[in-house]
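In what follows, a single structure is set out as structure tokens and then discussed.
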Amino acid sequence: MTSPAEVAAATRKPLVKLGGVFMTSPQMNAHTKALELPRGGLYFRGRAAVLGDPSSTVVAELYGIFPKWLMHAVIPQVTQLLPAKAAVAAYSAACWEWGREALAEVPAAERTAELLFQVSDAADAGNLPLFAGWREATRPEDAPARLAHALNLLREYRGGLHFCALRACGIGIDEALAVNPESGKQIMTRLAWQEEEADALIAATQAKPDLPRRWRQAEDLTDEAMGQTLAATLSEAELAEFRELMLALPTP
């Protein structure tokens, strides 16, 4: 039988990759433009708005992967332009509209969302503020939108676990960006890191040859923690079903 940690590892890509596609989708861009926000403004404002009006310093720590100067430049502006409740509503609407288009043909959308919510609703949200906030947010009724919302919600949970695992392994979030083989300089520059900033960080991590080992350890710890949550929430049959349904989702 596949262990819960193995299920967590196997379903990481559809959860993390597919669950975040809406963040840079045409639907998100359309809502951003309609609200007359700067590029990326709805993402930066809406994702953290479930916590109210956190400062740029707090948002920078919550998201972790963006250069702090960008958060200090963007967050005060978009916070002033868009109240928290409206930001959450618009961010959610973009997620749901993306789901209705991208996930409309998923045959088991309703059941997949049900299992995702089952795990999310039973998970321990301690010290995971974004997950805790989004768990309280309004959920849609139709299956494709519910699936998109549920993917985003459990993605926030796994992301919070991963940040904790990185800390436990003595590796910073910015260092993880530099050593993650799926990230590196190309992804960092897409996240608004200046080339010289990325080069300096990569050089600093290369001076710590054990960082790749610690990064892999953090990945394993994340899978273990996620697996424990799956095992505590789902029966053996549901765990197998969860794996099957998640792996059947479209590849981003």
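Chain identifiers are assigned as A, B, and so on, following the order in which chains appear in the structure tokens; residues are numbered from 1 within each chain, and ligands are numbered from 1 in order of appearance.
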
Review point. Got a sec to tell me which of stretch 74-176 of chain A DSSP assigns to helix (DSSP H, G or I), as a VMD selection string?
Key: chain A and resid 74 to 81 84 to 102 109 to 122 129 to 135 143 to 168 173 to 176

Point to revise | Residues near A:Lys85, cut-off 9 Å, only C-alpha atoms, skip fewer than 5 positions along chain, as a PyMOL selection string | key: chain A and resi 46+49-50+52+90

Neighbours of stretch 161-175 of chain A within 8 Å (only C-alpha atoms; same-chain residues fewer than 5 positions away dropped), as a PDB file with C-alpha atoms, in the first residue's frame?
ATOM      1  CA  GLY A  64       8.381  34.859   1.350  1.00  0.00           C
ATOM      2  CA  ILE A  65       9.380  34.391  -2.275  1.00  0.00           C
ATOM      3  CA  LEU A 128      -0.472  29.037   9.322  1.00  0.00           C
ATOM      4  CA  LEU A 201      21.881  35.091  -3.438  1.00  0.00           C
ATOM      5  CA  ILE A 202      22.873  32.162  -5.646  1.00  0.00           C
ATOM      6  CA  THR A 205      24.031  29.633  -1.287  1.00  0.00           C
ATOM      7  CA  LEU A 211      21.972  23.582   1.462  1.00  0.00           C
ATOM      8  CA  ARG A 214      18.808  20.447   3.725  1.00  0.00           C
ATOM      9  CA  TRP A 215      16.363  21.560   1.014  1.00  0.00           C
ATOM     10  CA  GLN A 217      15.225  17.172   3.824  1.00  0.00           C
ATOM     11  CA  ALA A 218      12.659  19.972   4.056  1.00  0.00           C
ATOM     12  CA  GLU A 219      10.796  18.531   1.063  1.00  0.00           C
ATOM     13  CA  LEU A 221       9.493  16.755   6.060  1.00  0.00           C
ATOM     14  CA  THR A 222       6.744  18.577   4.178  1.00  0.00           C
ATOM     15  CA  ALA A 225       3.631  16.407   7.683  1.00  0.00           C
ATOM     16  CA  MET A 226       1.152  16.520   4.810  1.00  0.00           C
TER      17      MET A 226
END

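With only C-alpha atoms taken into account, the protein and nucleic acid residues at most 8 Å from A:Ser120 (excluding it and anything under 4 positions from it in its own chain) are A:Leu116, A:Arg135, A:Leu153, A:Leu154, A:Tyr157.
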
Store the residues picked out above in a file with N, CA and C atoms, as an mmCIF file, in the first residue's frame.
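Okay, this is what ended up in part-v6.cif:
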data_model
loop_
_atom_site.group_PDB
_atom_site.id
_atom_site.type_symbol
_atom_site.label_atom_id
_atom_site.label_comp_id
_atom_site.auth_asym_id
_atom_site.auth_seq_id
_atom_site.Cartn_x
_atom_site.Cartn_y
_atom_site.Cartn_z
ATOM 1 N N LEU A 116 -10.770 17.409 -0.823
ATOM 2 C CA LEU A 116 -9.849 18.498 -0.498
ATOM 3 C C LEU A 116 -10.375 19.315 0.682
ATOM 4 N N ARG A 135 -9.484 29.524 5.006
ATOM 5 C CA ARG A 135 -10.448 28.499 5.411
ATOM 6 C C ARG A 135 -11.759 29.124 5.873
ATOM 7 N N LEU A 153 -7.008 26.428 -1.336
ATOM 8 C CA LEU A 153 -7.013 26.357 0.127
ATOM 9 C C LEU A 153 -5.988 25.343 0.640
ATOM 10 N N LEU A 154 -6.029 24.122 0.102
ATOM 11 C CA LEU A 154 -5.079 23.120 0.588
ATOM 12 C C LEU A 154 -3.658 23.448 0.137
ATOM 13 N N TYR A 157 -2.235 25.480 2.770
ATOM 14 C CA TYR A 157 -1.851 24.645 3.905
ATOM 15 C C TYR A 157 -0.495 24.000 3.665
#

Exercise for review: Show which residues sit within 9 Å of A:Leu177, as a list in words. Count only C-alpha atoms, and ignore same-chain residues fewer than 6 positions away.
Suggested key: Ile65, Ser183, Gly184, Lys185, Ile187, Met188 and Ile202 of chain A

Could you save the residues just selected, with C-alpha atoms, as a CSV table (one decimal), in the first residue's frame?
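The resulting out-v7.csv:
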chain,number,residue,atom,x,y,z
A,65,ILE,CA,9.4,34.4,-2.3
A,183,SER,CA,13.3,27.4,-9.4
A,184,GLY,CA,16.7,29.1,-9.6
A,185,LYS,CA,17.5,32.4,-11.3
A,187,ILE,CA,12.1,31.8,-11.7
A,188,MET,CA,13.6,34.4,-9.3
A,202,ILE,CA,22.9,32.2,-5.6

**Study point:** Distance query stretch 7-15 of chain A at most 6 Å, only C-alpha atoms, self and fewer than 2 positions along chain excluded, as a PyMOL selection string
**Key:** chain A and resi 4-5+17-19+155+223+226-227

Review point. Using only C-alpha atoms, which of the listed residues (A:Ala237, A:Thr251, A:Leu191, A:Ala143) sits closest to A:Thr2?
Key: A:Ala237

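For the residues A:Glu238, A:Glu97, A:Glu156, A:Asp124, ranking by smallest atom-to-atom distance to A:Leu62 using only C-alpha atoms places A:Glu156 first.
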
Exercise for review: Figure out the distance between atom CA of A:Ser56 and atom CA of A:His72, please, to one decimal in Å.
Suggested key: 5.2 Å

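Among A:Leu103, A:Ala34, A:Ala150, A:Ala192, the residue with the shortest atom-to-atom distance to A:Met71, counting only C-alpha atoms, is A:Ala192.
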